[in-house]
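Structure file coords_13.cif (mmCIF, C-alpha atoms) follows.
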```cif
data_coords
#
loop_
_atom_site.label_atom_id
_atom_site.label_comp_id
_atom_site.auth_asym_id
_atom_site.auth_seq_id
_atom_site.Cartn_x
_atom_site.Cartn_y
_atom_site.Cartn_z
CA MET C 1 -4.97 -13.16 -19.59
CA HIS C 2 -2.06 -15.09 -20.97
CA THR C 3 -3.06 -18.15 -22.92
CA PHE C 4 -1.40 -21.47 -22.26
CA THR C 5 -1.41 -23.68 -25.31
CA ARG C 6 0.13 -27.11 -24.94
CA PHE C 7 1.88 -28.71 -27.85
CA PRO C 8 4.42 -31.49 -28.21
CA ALA C 9 7.62 -30.43 -26.54
CA PRO C 10 10.70 -29.07 -28.16
CA ALA C 11 11.41 -32.32 -29.96
CA ARG C 12 9.33 -30.81 -32.74
CA GLY C 13 11.80 -27.95 -33.07
CA TRP C 14 15.03 -27.69 -34.96
CA LEU C 15 18.16 -27.98 -32.83
CA VAL C 16 20.94 -25.56 -33.69
CA PRO C 17 23.79 -27.62 -35.15
CA GLY C 18 26.60 -28.02 -32.62
CA LEU C 19 29.24 -26.37 -34.75
CA LEU C 20 27.12 -23.30 -35.40
CA ALA C 21 26.27 -23.04 -31.72
CA ILE C 22 29.97 -23.10 -30.90
CA LEU C 23 30.58 -20.40 -33.50
CA ALA C 24 27.82 -18.33 -31.91
CA LEU C 25 29.43 -18.54 -28.49
CA ALA C 26 32.88 -17.94 -29.89
CA GLY C 27 31.80 -14.56 -31.24
CA CYS C 28 30.79 -15.34 -34.80
CA THR C 29 29.85 -12.04 -36.43
CA ALA C 30 27.61 -13.39 -39.16
CA THR C 31 24.10 -11.97 -39.32
CA PRO C 32 20.90 -13.49 -40.64
CA SER C 33 20.96 -11.21 -43.66
CA VAL C 34 24.39 -12.48 -44.83
CA GLU C 35 24.47 -15.81 -46.63
CA PRO C 36 27.65 -17.95 -46.35
CA LYS C 37 29.98 -17.47 -49.30
CA ALA C 38 30.04 -20.25 -51.84
CA PRO C 39 33.30 -22.22 -52.09
CA ALA C 40 35.69 -21.23 -54.85
CA PRO C 41 35.20 -23.07 -58.15
CA SER C 42 37.31 -26.18 -58.55
CA THR C 43 38.72 -27.60 -61.75
CA ARG C 44 38.59 -31.10 -60.37
CA VAL C 45 35.58 -33.30 -60.79
CA THR C 46 34.19 -34.11 -57.36
CA GLN C 47 31.19 -35.89 -56.02
CA PRO C 48 27.93 -33.89 -56.39
CA ALA C 49 27.29 -31.56 -53.47
CA GLN C 50 24.62 -32.74 -51.12
CA VAL C 51 21.36 -30.92 -51.73
CA THR C 52 20.44 -28.81 -48.72
CA THR C 53 16.83 -29.19 -47.68
CA ASN C 54 14.66 -26.22 -46.81
CA GLU C 55 14.71 -27.37 -43.20
CA ASP C 56 18.51 -27.46 -43.16
CA ALA C 57 18.71 -23.99 -44.67
CA HIS C 58 16.20 -22.64 -42.16
CA SER C 59 18.10 -24.26 -39.29
CA GLN C 60 21.35 -22.69 -40.47
CA LYS C 61 19.76 -19.25 -40.70
CA PHE C 62 18.40 -19.67 -37.18
CA ALA C 63 21.88 -20.62 -35.98
CA LEU C 64 23.32 -17.50 -37.60
CA TRP C 65 20.66 -15.38 -35.90
CA VAL C 66 21.57 -16.96 -32.56
CA ALA C 67 25.24 -16.26 -33.27
CA GLU C 68 24.54 -12.60 -34.01
CA PHE C 69 22.33 -12.26 -30.94
CA SER C 70 24.98 -13.93 -28.78
CA ALA C 71 27.49 -11.33 -29.89
CA SER C 72 25.16 -8.48 -28.96
CA ALA C 73 24.33 -10.14 -25.62
CA ARG C 74 28.02 -10.56 -24.87
CA ALA C 75 28.54 -6.87 -25.56
CA ALA C 76 25.68 -6.13 -23.16
CA GLY C 77 27.45 -7.98 -20.33
CA ILE C 78 26.26 -11.57 -20.63
CA ASN C 79 29.08 -13.96 -19.78
CA GLU C 80 30.19 -17.04 -21.68
CA ALA C 81 28.84 -19.53 -19.17
CA THR C 82 25.35 -18.03 -19.47
CA LEU C 83 25.52 -17.99 -23.26
CA HIS C 84 26.55 -21.65 -23.30
CA SER C 85 23.75 -22.57 -20.90
CA ALA C 86 21.15 -20.69 -22.91
CA PHE C 87 22.12 -21.50 -26.48
CA ASP C 88 24.03 -24.80 -26.63
CA SER C 89 20.70 -26.61 -27.02
CA VAL C 90 18.45 -23.81 -28.28
CA GLN C 91 15.69 -24.91 -30.63
CA PHE C 92 13.45 -23.22 -33.16
CA LEU C 93 9.83 -24.05 -32.33
CA PRO C 94 7.55 -23.80 -35.39
CA ARG C 95 4.43 -24.08 -33.25
CA VAL C 96 5.33 -20.82 -31.48
CA ILE C 97 5.17 -19.00 -34.81
CA GLU C 98 1.84 -20.62 -35.65
CA LEU C 99 0.37 -19.43 -32.38
CA ASP C 100 1.85 -15.94 -32.70
CA ARG C 101 0.32 -15.51 -36.13
CA ALA C 102 -3.03 -17.00 -35.20
CA GLN C 103 -5.98 -14.65 -35.54
CA PRO C 104 -9.04 -16.59 -34.35
CA GLU C 105 -12.08 -15.86 -36.50
CA PHE C 106 -14.49 -16.35 -33.63
CA THR C 107 -14.26 -14.04 -30.64
CA ARG C 108 -15.34 -15.07 -27.17
CA PRO C 109 -18.08 -13.05 -25.47
CA VAL C 110 -17.17 -11.67 -22.07
CA TRP C 111 -19.79 -13.77 -20.27
CA ASP C 112 -18.28 -16.99 -21.62
CA TYR C 113 -14.85 -15.81 -20.53
CA LEU C 114 -16.13 -15.00 -17.04
CA ASP C 115 -17.98 -18.31 -16.76
CA ASN C 116 -14.63 -20.06 -16.93
CA ALA C 117 -12.63 -17.49 -14.97
CA LEU C 118 -15.16 -17.44 -12.12
CA SER C 119 -15.98 -21.12 -11.99
CA ILE C 120 -17.08 -22.56 -8.65
CA GLN C 121 -13.96 -24.72 -8.66
CA ARG C 122 -11.64 -21.73 -9.05
CA ILE C 123 -13.45 -19.72 -6.38
CA THR C 124 -13.45 -22.62 -3.93
CA ARG C 125 -9.81 -23.43 -4.55
CA GLY C 126 -8.85 -19.78 -4.13
CA GLN C 127 -10.71 -19.54 -0.82
CA ASN C 128 -8.93 -22.69 0.38
CA LYS C 129 -5.59 -21.23 -0.66
CA LEU C 130 -6.36 -18.05 1.28
CA GLN C 131 -6.99 -20.11 4.40
CA GLN C 132 -3.85 -22.20 3.91
CA LEU C 133 -1.63 -19.16 3.28
CA HIS C 134 -3.40 -16.84 5.69
CA PRO C 135 -0.46 -15.49 7.77
CA GLN C 136 1.94 -15.30 4.80
CA ALA C 137 -0.58 -13.74 2.43
CA ASP C 138 -1.66 -11.16 5.01
CA THR C 139 1.96 -10.17 5.68
CA ILE C 140 2.62 -9.64 1.98
CA ALA C 141 -0.66 -7.75 1.55
CA ALA C 142 0.25 -5.40 4.39
CA ARG C 143 3.77 -4.85 3.06
CA TYR C 144 2.67 -3.84 -0.44
CA GLY C 145 -0.80 -2.44 0.22
CA VAL C 146 -2.49 -4.86 -2.17
CA PRO C 147 -5.31 -7.10 -0.85
CA ALA C 148 -4.48 -10.79 -0.53
CA GLU C 149 -7.64 -11.58 -2.50
CA THR C 150 -6.38 -9.58 -5.48
CA ILE C 151 -2.99 -11.31 -5.37
CA LEU C 152 -4.70 -14.71 -5.24
CA ALA C 153 -7.08 -13.73 -8.04
CA ILE C 154 -4.20 -12.98 -10.41
CA TRP C 155 -2.51 -16.22 -9.37
CA GLY C 156 -5.75 -18.08 -10.06
CA MET C 157 -6.27 -16.43 -13.43
CA GLU C 158 -2.70 -16.89 -14.67
CA SER C 159 -2.02 -20.50 -13.69
CA ASN C 160 -4.97 -21.83 -11.65
CA TYR C 161 -2.92 -21.27 -8.49
CA GLY C 162 0.25 -22.75 -9.93
CA SER C 163 -1.19 -25.91 -11.46
CA ASN C 164 -0.68 -24.86 -15.10
CA PHE C 165 1.82 -22.20 -16.06
CA GLY C 166 3.01 -23.67 -19.33
CA HIS C 167 5.93 -25.92 -20.20
CA ILE C 168 7.61 -24.15 -23.13
CA PRO C 169 11.31 -23.26 -22.61
CA THR C 170 11.39 -19.46 -22.42
CA ILE C 171 14.74 -19.17 -24.20
CA ASP C 172 13.52 -21.25 -27.14
CA ALA C 173 10.22 -19.38 -27.39
CA LEU C 174 11.83 -15.92 -27.40
CA ALA C 175 14.66 -16.93 -29.76
CA THR C 176 12.04 -18.31 -32.15
CA LEU C 177 9.98 -15.10 -32.02
CA GLY C 178 13.08 -12.96 -32.44
CA PHE C 179 14.31 -14.92 -35.44
CA GLU C 180 10.88 -14.91 -37.12
CA GLY C 181 11.02 -11.13 -37.10
CA ARG C 182 7.46 -9.90 -36.73
CA ARG C 183 8.24 -8.61 -33.24
CA GLU C 184 12.02 -8.94 -33.32
CA ALA C 185 12.92 -5.83 -31.29
CA TRP C 186 10.50 -6.83 -28.52
CA ALA C 187 11.63 -10.47 -28.52
CA ARG C 188 15.33 -9.50 -28.45
CA SER C 189 14.81 -7.23 -25.44
CA GLN C 190 12.89 -9.97 -23.58
CA LEU C 191 15.50 -12.59 -24.51
CA LEU C 192 18.30 -10.39 -23.17
CA ALA C 193 16.30 -9.95 -19.95
CA ALA C 194 15.91 -13.74 -19.74
CA LEU C 195 19.69 -14.15 -20.08
CA ASN C 196 20.19 -11.69 -17.23
CA ILE C 197 17.83 -13.76 -15.07
CA LEU C 198 19.91 -16.86 -15.81
CA GLN C 199 23.13 -15.00 -15.12
CA ASN C 200 21.77 -13.71 -11.80
CA GLY C 201 21.17 -17.31 -10.72
CA ASP C 202 17.45 -16.91 -10.06
CA ILE C 203 16.53 -20.01 -12.08
CA THR C 204 18.16 -22.58 -14.33
CA ARG C 205 17.61 -22.77 -18.05
CA ALA C 206 15.74 -26.06 -17.71
CA GLN C 207 13.41 -24.61 -15.07
CA MET C 208 12.72 -21.38 -16.98
CA ILE C 209 9.46 -22.40 -18.63
CA GLY C 210 6.13 -20.78 -19.35
CA SER C 211 3.82 -19.87 -22.22
CA TRP C 212 4.66 -19.83 -25.92
CA ALA C 213 4.83 -16.01 -25.80
CA GLY C 214 7.62 -15.90 -23.21
CA ALA C 215 5.55 -15.24 -20.06
CA MET C 216 7.02 -17.22 -17.16
CA GLY C 217 6.14 -18.77 -13.86
CA GLN C 218 3.00 -19.04 -11.79
CA THR C 219 1.88 -15.45 -12.40
CA GLN C 220 3.26 -15.21 -15.93
CA PHE C 221 5.86 -12.44 -15.79
CA LEU C 222 7.63 -11.47 -18.97
CA PRO C 223 11.41 -11.49 -18.40
CA ALA C 224 11.72 -7.68 -18.37
CA ASN C 225 8.96 -7.44 -15.76
CA PHE C 226 10.67 -10.17 -13.77
CA LEU C 227 13.86 -8.08 -13.60
CA ALA C 228 11.87 -4.99 -12.62
CA TYR C 229 9.39 -6.41 -10.11
CA ALA C 230 10.24 -9.95 -8.96
CA VAL C 231 10.97 -10.26 -5.23
CA ASP C 232 12.91 -12.78 -3.13
CA ALA C 233 10.35 -13.02 -0.33
CA ASP C 234 11.50 -16.30 1.20
CA GLY C 235 15.09 -15.12 1.66
CA ASP C 236 16.82 -17.92 -0.23
CA GLY C 237 18.75 -15.50 -2.45
CA ARG C 238 16.71 -16.28 -5.58
CA ARG C 239 13.56 -14.81 -7.11
CA ASP C 240 11.63 -17.93 -7.95
CA LEU C 241 8.24 -17.54 -9.64
CA TRP C 242 8.14 -21.23 -10.49
CA GLY C 243 8.53 -22.93 -7.11
CA SER C 244 8.26 -20.39 -4.28
CA THR C 245 4.74 -19.39 -3.24
CA ALA C 246 6.12 -16.51 -1.18
CA ASP C 247 8.05 -15.13 -4.16
CA VAL C 248 5.02 -15.55 -6.43
CA MET C 249 2.69 -13.60 -4.14
CA ALA C 250 5.18 -10.86 -3.20
CA SER C 251 6.30 -10.32 -6.80
CA THR C 252 2.70 -9.98 -7.98
CA ALA C 253 1.91 -7.53 -5.19
CA ASN C 254 5.08 -5.55 -5.93
CA PHE C 255 4.14 -5.30 -9.61
CA LEU C 256 0.74 -3.83 -8.75
CA ALA C 257 2.07 -1.54 -6.02
CA ARG C 258 4.68 -0.05 -8.34
CA SER C 259 2.18 0.21 -11.22
CA GLY C 260 -0.13 2.59 -9.37
CA TRP C 261 -2.25 0.47 -7.03
CA GLN C 262 -3.96 2.75 -4.50
CA THR C 263 -4.05 1.14 -1.08
CA GLY C 264 -7.45 0.99 0.56
CA GLN C 265 -9.43 1.70 -2.61
CA PRO C 266 -11.75 -0.89 -4.14
CA TRP C 267 -11.53 -1.75 -7.81
CA GLY C 268 -15.12 -0.56 -8.27
CA ALA C 269 -18.59 -2.10 -8.12
CA GLU C 270 -21.52 -3.19 -10.21
CA VAL C 271 -24.06 -0.35 -10.45
CA ARG C 272 -27.57 0.48 -11.65
CA LEU C 273 -27.85 3.23 -14.23
CA PRO C 274 -30.78 5.67 -14.10
CA PRO C 275 -33.55 5.79 -16.73
CA GLY C 276 -32.50 7.92 -19.67
CA PHE C 277 -28.78 7.53 -18.97
CA ASP C 278 -26.62 8.70 -21.88
CA TYR C 279 -24.66 5.56 -22.64
CA ALA C 280 -22.11 7.54 -24.59
CA ARG C 281 -20.87 8.71 -21.17
CA ALA C 282 -19.89 5.13 -20.35
CA ASP C 283 -16.49 5.85 -21.78
CA GLU C 284 -12.91 5.67 -20.49
CA GLN C 285 -12.46 9.36 -21.28
CA VAL C 286 -15.37 10.41 -19.04
CA ARG C 287 -14.00 10.41 -15.49
CA GLN C 288 -15.44 11.99 -12.38
CA SER C 289 -15.99 11.29 -8.72
CA ALA C 290 -18.41 8.65 -7.50
CA THR C 291 -20.31 11.48 -5.82
CA ALA C 292 -20.84 13.13 -9.21
CA TRP C 293 -22.10 9.86 -10.66
CA ALA C 294 -24.45 9.46 -7.71
CA ASN C 295 -25.79 12.95 -8.37
CA GLU C 296 -26.66 11.75 -11.89
CA GLY C 297 -28.70 8.88 -10.45
CA VAL C 298 -26.15 6.05 -10.55
CA ARG C 299 -26.80 3.64 -7.66
CA SER C 300 -25.16 0.60 -6.11
CA MET C 301 -26.89 -2.75 -6.49
CA ASP C 302 -27.78 -3.02 -2.79
CA GLY C 303 -28.59 0.63 -2.12
CA THR C 304 -25.45 1.38 -0.11
CA PRO C 305 -23.31 4.41 -1.03
CA LEU C 306 -21.11 4.05 -4.10
CA PRO C 307 -17.42 3.31 -3.47
CA ALA C 308 -15.56 6.49 -2.56
CA LEU C 309 -13.66 6.86 -5.82
CA ALA C 310 -12.39 10.30 -6.80
CA ASP C 311 -11.60 9.36 -10.41
CA SER C 312 -14.09 6.84 -11.73
CA THR C 313 -15.66 5.70 -14.99
CA ILE C 314 -18.87 3.95 -15.94
CA TRP C 315 -17.95 0.88 -17.95
CA LEU C 316 -20.18 -1.48 -19.93
CA ALA C 317 -18.79 -4.96 -20.45
CA ALA C 318 -21.49 -5.74 -23.04
CA ASN C 319 -24.35 -3.65 -24.40
CA ALA C 320 -26.80 -1.27 -22.74
CA GLY C 321 -28.89 -4.20 -21.53
CA GLY C 322 -26.03 -5.90 -19.72
CA PRO C 323 -24.23 -5.20 -16.44
CA ALA C 324 -22.70 -1.78 -15.77
CA PHE C 325 -19.72 -1.13 -13.51
CA LEU C 326 -18.23 1.87 -11.76
CA VAL C 327 -14.45 1.39 -11.99
CA GLY C 328 -11.60 3.38 -10.51
CA PRO C 329 -7.79 3.66 -10.62
CA ASN C 330 -7.12 0.14 -9.33
CA PHE C 331 -9.12 -1.35 -12.22
CA ARG C 332 -6.88 0.61 -14.57
CA THR C 333 -3.80 -0.67 -12.70
CA LEU C 334 -4.89 -4.23 -13.45
CA LEU C 335 -4.73 -3.29 -17.14
CA ARG C 336 -1.01 -2.69 -16.62
CA TYR C 337 -0.73 -6.37 -15.73
CA ASN C 338 -2.73 -7.51 -18.75
CA ASN C 339 -4.20 -4.95 -21.12
CA SER C 340 -7.60 -6.58 -21.45
CA THR C 341 -10.75 -5.19 -19.86
CA SER C 342 -12.21 -8.70 -19.69
CA TYR C 343 -9.13 -9.83 -17.78
CA ALA C 344 -9.24 -6.86 -15.39
CA LEU C 345 -12.93 -7.50 -14.73
CA ALA C 346 -12.30 -11.21 -14.15
CA VAL C 347 -9.53 -10.50 -11.62
CA SER C 348 -11.69 -7.89 -9.88
CA LEU C 349 -14.73 -10.14 -9.65
CA LEU C 350 -12.69 -13.19 -8.60
CA ALA C 351 -11.06 -11.16 -5.81
CA GLN C 352 -14.53 -9.99 -4.79
CA ARG C 353 -15.79 -13.59 -4.64
CA LEU C 354 -12.72 -14.77 -2.70
CA ALA C 355 -13.50 -12.08 -0.13
CA GLY C 356 -17.06 -13.37 0.20
CA GLY C 357 -18.60 -10.70 -2.01
CA PRO C 358 -21.42 -11.07 -4.54
CA ALA C 359 -21.40 -12.31 -8.09
CA VAL C 360 -22.60 -10.10 -10.95
CA GLN C 361 -26.32 -9.61 -10.44
CA THR C 362 -27.51 -8.15 -13.73
CA PRO C 363 -28.10 -10.91 -16.30
CA TRP C 364 -25.70 -11.02 -19.23
CA PRO C 365 -27.28 -10.61 -22.70
CA ARG C 366 -26.46 -14.18 -23.64
CA ASP C 367 -28.82 -14.13 -26.61
CA LEU C 368 -26.59 -11.62 -28.38
CA GLN C 369 -24.50 -13.13 -31.13
CA THR C 370 -20.87 -12.05 -30.95
CA LEU C 371 -19.47 -10.83 -34.25
CA THR C 372 -16.69 -12.79 -35.88
CA ARG C 373 -13.61 -10.89 -37.01
CA SER C 374 -14.87 -10.96 -40.58
CA GLN C 375 -18.20 -9.54 -39.50
CA LEU C 376 -16.53 -6.83 -37.42
CA LEU C 377 -14.39 -5.95 -40.42
CA ALA C 378 -17.57 -5.64 -42.49
CA LEU C 379 -19.14 -3.45 -39.78
CA GLN C 380 -16.13 -1.13 -39.74
CA THR C 381 -16.18 -0.90 -43.52
CA ALA C 382 -19.91 -0.14 -43.56
CA LEU C 383 -19.55 2.56 -40.89
CA ASN C 384 -16.71 4.22 -42.78
CA ALA C 385 -18.79 4.15 -45.97
CA ARG C 386 -21.49 6.16 -44.21
CA GLY C 387 -19.03 8.67 -42.77
CA PHE C 388 -18.76 7.26 -39.23
CA ASP C 389 -15.01 7.01 -38.94
CA CYS C 390 -13.68 3.77 -37.45
CA GLY C 391 -10.15 4.17 -38.73
CA THR C 392 -8.62 1.51 -40.95
CA PRO C 393 -10.84 -1.60 -40.88
CA ASP C 394 -8.96 -4.47 -39.24
CA GLY C 395 -11.59 -6.71 -37.64
CA MET C 396 -10.42 -5.71 -34.15
CA MET C 397 -12.53 -3.85 -31.62
CA GLY C 398 -10.90 -0.66 -30.38
CA SER C 399 -11.71 2.85 -29.22
CA ALA C 400 -12.02 4.21 -32.78
CA THR C 401 -14.54 1.54 -33.72
CA ARG C 402 -16.50 2.13 -30.52
CA ARG C 403 -16.65 5.87 -31.27
CA GLY C 404 -17.85 5.17 -34.82
CA ILE C 405 -20.56 2.83 -33.58
CA ARG C 406 -21.72 5.36 -30.98
CA ALA C 407 -21.89 8.13 -33.54
CA TYR C 408 -24.02 5.96 -35.80
CA GLN C 409 -26.26 4.85 -32.92
CA ARG C 410 -26.87 8.48 -31.90
CA SER C 411 -27.77 9.33 -35.49
CA GLN C 412 -30.42 6.60 -35.38
CA GLY C 413 -31.76 7.46 -31.94
CA LEU C 414 -30.38 4.23 -30.44
CA PRO C 415 -28.65 3.82 -27.05
CA ALA C 416 -25.07 4.82 -27.80
CA ASP C 417 -23.43 1.90 -26.00
CA GLY C 418 -20.87 1.28 -28.75
CA TYR C 419 -21.62 -2.45 -28.86
CA PRO C 420 -20.99 -4.19 -32.22
CA SER C 421 -24.13 -6.29 -32.61
CA LEU C 422 -25.21 -8.45 -35.54
CA GLU C 423 -28.43 -6.44 -35.76
CA LEU C 424 -26.39 -3.26 -36.16
CA LEU C 425 -24.29 -4.83 -38.92
CA GLN C 426 -27.36 -6.00 -40.82
CA GLN C 427 -28.99 -2.59 -40.49
CA LEU C 428 -25.89 -0.87 -41.87
CA GLN C 429 -25.46 -3.30 -44.73
CA GLN C 430 -29.09 -2.87 -45.73
CA ALA C 431 -28.77 0.92 -45.58
CA ASN C 432 -25.55 0.87 -47.61
CA THR C 433 -27.19 -1.05 -50.44
CA LYS C 434 -29.37 2.02 -50.95
CA LEU C 435 -26.41 4.40 -51.23
CA PRO C 436 -26.01 5.96 -54.71
#
```
Exercise: express the given structure as structure tokens:
Amino acid sequence: MHTFTRFPAPARGWLVPGLLAILALAGCTATPSVEPKAPAPSTRVTQPAQVTTNEDAHSQKFALWVAEFSASARAAGINEATLHSAFDSVQFLPRVIELDRAQPEFTRPVWDYLDNALSIQRITRGQNKLQQLHPQADTIAARYGVPAETILAIWGMESNYGSNFGHIPTIDALATLGFEGRREAWARSQLLAALNILQNGDITRAQMIGSWAGAMGQTQFLPANFLAYAVDADGDGRRDLWGSTADVMASTANFLARSGWQTGQPWGAEVRLPPGFDYARADEQVRQSATAWANEGVRSMDGTPLPALADSTIWLAANAGGPAFLVGPNFRTLLRYNNSTSYALAVSLLAQRLAGGPAVQTPWPRDLQTLTRSQLLALQTALNARGFDCGTPDGMMGSATRRGIRAYQRSQGLPADGYPSLELLQQLQQANTKLP
């Protein structure tokens, strides 16, 4: 899920000096890597040159970057009026860089995330929205083959049904990220897409706002995804994800439909695993039909047949003692919207609740202590030291780390659920102190 972080508005940023902005739009060819030439030496005694502050120098370099980008955008077909609109008042936002570089030490357990995502207030508000938008939502759902509840769930997750979709100017955020350079190629491509949106007349520069990372509107489309999937559903000639509920719902449904959503299939279901289940099989790479899982003893929570999924996976959101889910292709499609399994589960469960379905029934293992990034880094290092390859230790949980944990758990006769627990870390650290 995209994170909305509020900070004082662009007044905190550095405004591109007017002259440099004009140079940018006039086709200045300077690049950020080329410093302005010093003036020729003079034999006359003049007043001492004014000392340029670090902030002034940084602002000038940002202006030169904007000038260079403007030239490339012009070559890509962006007209002068759009360039003026976008860059005459463009600002560098230091807070965007702080947020982009932030690596929180403490990670949030999935049950805490779901507690917020599936709050009674969000469920109730979503159900009210479904009633209010009933004819319109049903028409859009039928057109794209995506349930109205799923569309509303994404809307609820991304902006609490339009009440909070960020206030950061998209042009400023992307120009800042592009200039900073860590993800310059990505930021440049998204910034060019944003200019095309402005040039198409879908939205004004002042109205184009969203998160610090460039995601826009009530369902947080990145500019490139906007160009690819946004829909003018209300027929006013503009694709408006900021102010048009019809455009918001249709664009979200179109994104999912064109990303592989399979009409008529559920996302999955919570399931009971049989005694002696090999938890190593709860893996994205292990896919088979729901019938095959049923033959292995996997059961639904209420005893009804498992969802008729031809290509499904058993997925554990926590450890072997927590809930288990049978998930299919539509769950994986939600990962195309936001590549986070916690997010995909939250959308799936929220849609289920909006449709009157049950909450998760298996208790979450809330007594488990979630590892910090430093602790996960130590766990990866300890596993590698004992020959259980986790790849390069980075403090981030991924498939390589999960495989390393499972291999170690199997070697110790433990359930191979791949969960990075504090107990596992302590056990490994104690064992490694005995290594020669």
List the spatial neighbours of region 79-84 of chain C as a CSV table (one decimal) with C-alpha atoms, in the frame of the given file - criterion: any atom at most 6 Å away, only C-alpha atoms, same-chain residues fewer than 3 positions off excluded.
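The resulting file, around_11.csv, is reproduced below:
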```csv
chain,number,residue,atom,x,y,z
C,87,PHE,CA,22.1,-21.5,-26.5
C,88,ASP,CA,24.0,-24.8,-26.6
C,199,GLN,CA,23.1,-15.0,-15.1
```
Using all atoms listed in the file, which protein or nucleic acid residues come within 12 Å of Gly201 (chain C)? Drop anything in the same chain fewer than 5 positions from it, and give the result as a CSV table (one decimal) with C-alpha atoms, in the coordinates of the input.
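Listing of selection13.csv after writing:
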```
chain,number,residue,atom,x,y,z
C,81,ALA,CA,28.8,-19.5,-19.2
C,82,THR,CA,25.4,-18.0,-19.5
C,85,SER,CA,23.8,-22.6,-20.9
C,194,ALA,CA,15.9,-13.7,-19.7
C,195,LEU,CA,19.7,-14.2,-20.1
C,196,ASN,CA,20.2,-11.7,-17.2
C,207,GLN,CA,13.4,-24.6,-15.1
C,208,MET,CA,12.7,-21.4,-17.0
C,236,ASP,CA,16.8,-17.9,-0.2
C,237,GLY,CA,18.8,-15.5,-2.4
C,238,ARG,CA,16.7,-16.3,-5.6
C,239,ARG,CA,13.6,-14.8,-7.1
C,240,ASP,CA,11.6,-17.9,-8.0
```
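Between CA of Tyr161 (chain C) and CA of Trp111 (chain C) the separation is 21.9 Å.
Taking all atoms listed in the file into account, Leu174 (chain C) lies nearest to C:Ala86 out of the set C:Val231, C:Leu425, C:Ala153, C:Ala86.
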Using the chain letters and numbering of this document, enumerate as a ChimeraX atom specification the residues selected by the PyMOL selection byres ((chain C and resi 249) around 8). /C:137,140,151-152,155,245-248,250-253
Please expand the PyMOL selection byres ((chain C and resi 398-401) around 12) into the concrete residues it hits in this file, giving the result as a JSON list (two decimals) with C-alpha atoms, in the frame of the given file.
```json
[["chain", "number", "residue", "atom", "x", "y", "z"],
["C", 283, "ASP", "CA", -16.49, 5.85, -21.78],
["C", 284, "GLU", "CA", -12.91, 5.67, -20.49],
["C", 285, "GLN", "CA", -12.46, 9.36, -21.28],
["C", 340, "SER", "CA", -7.60, -6.58, -21.45],
["C", 341, "THR", "CA", -10.75, -5.19, -19.86],
["C", 376, "LEU", "CA", -16.53, -6.83, -37.42],
["C", 377, "LEU", "CA", -14.39, -5.95, -40.42],
["C", 378, "ALA", "CA", -17.57, -5.64, -42.49],
["C", 379, "LEU", "CA", -19.14, -3.45, -39.78],
["C", 380, "GLN", "CA", -16.13, -1.13, -39.74],
["C", 381, "THR", "CA", -16.18, -0.90, -43.52],
["C", 382, "ALA", "CA", -19.91, -0.14, -43.56],
["C", 383, "LEU", "CA", -19.55, 2.56, -40.89],
["C", 384, "ASN", "CA", -16.71, 4.22, -42.78],
["C", 388, "PHE", "CA", -18.76, 7.26, -39.23],
["C", 389, "ASP", "CA", -15.01, 7.01, -38.94],
["C", 390, "CYS", "CA", -13.68, 3.77, -37.45],
["C", 391, "GLY", "CA", -10.15, 4.17, -38.73],
["C", 392, "THR", "CA", -8.62, 1.51, -40.95],
["C", 393, "PRO", "CA", -10.84, -1.60, -40.88],
["C", 394, "ASP", "CA", -8.96, -4.47, -39.24],
["C", 395, "GLY", "CA", -11.59, -6.71, -37.64],
["C", 396, "MET", "CA", -10.42, -5.71, -34.15],
["C", 397, "MET", "CA", -12.53, -3.85, -31.62],
["C", 402, "ARG", "CA", -16.50, 2.13, -30.52],
["C", 403, "ARG", "CA", -16.65, 5.87, -31.27],
["C", 404, "GLY", "CA", -17.85, 5.17, -34.82],
["C", 405, "ILE", "CA", -20.56, 2.83, -33.58],
["C", 406, "ARG", "CA", -21.72, 5.36, -30.98],
["C", 407, "ALA", "CA", -21.89, 8.13, -33.54],
["C", 408, "TYR", "CA", -24.02, 5.96, -35.80],
["C", 417, "ASP", "CA", -23.43, 1.90, -26.00],
["C", 418, "GLY", "CA", -20.87, 1.28, -28.75],
["C", 419, "TYR", "CA", -21.62, -2.45, -28.86],
["C", 420, "PRO", "CA", -20.99, -4.19, -32.22]]
```
Which value, in Å to one decimal, gives the distance between CA of Pro365 (chain C) and CA of Ala102 (chain C)? 28.0 Å
Rank nothing, just name the residue among C:Lys129, C:Arg122, C:Arg205, C:Arg143 nearest to Val90 (chain C), using all atoms listed in the file. C:Arg205
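Those residues that approach Gly268 (chain C) to within 6 Å, counting all atoms listed in the file, are Leu326, Val327 and Gly328 of chain C; same-chain residues fewer than 3 positions away are not listed.
Distances to Leu192 (chain C) were evaluated for C:Ser72, C:Gln131, C:Asn432, C:Thr107 using only C-alpha atoms, and the minimum falls at C:Ser72.
Minimum atom-to-atom distance to Ile78 (chain C), evaluated using all atoms listed in the file, belongs to C:Ile197 out of C:Ala294, C:Gln412, C:Ile197, C:Tyr343.
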For CA of Leu345 (chain C) and CA of Trp186 (chain C), determine how far apart the two atoms are, in Å to one decimal place. 27.2 Å
Target residues per the PyMOL selection byres ((chain C and resi 351) around 6), formatted as a PyMOL selection string: chain C and resi 149-150+153+348-350+352-354
May I have the protein, DNA and RNA residues with any atom at most 6 Å from the point (13.3, -20.5, -9.4), counting only C-alpha atoms, written as a list in words? Asp202, Ile203, Asp240, Leu241, Trp242 and Gly243 of chain C
(5.5, -8.0, -11.2) in this file's frame - what residues fall within 8 Å of it? Use all atoms listed in the file and give the answer as JSON, numbers by chain. {"C": [221, 225, 226, 228, 229, 230, 251, 252, 253, 254, 255, 256, 337]}
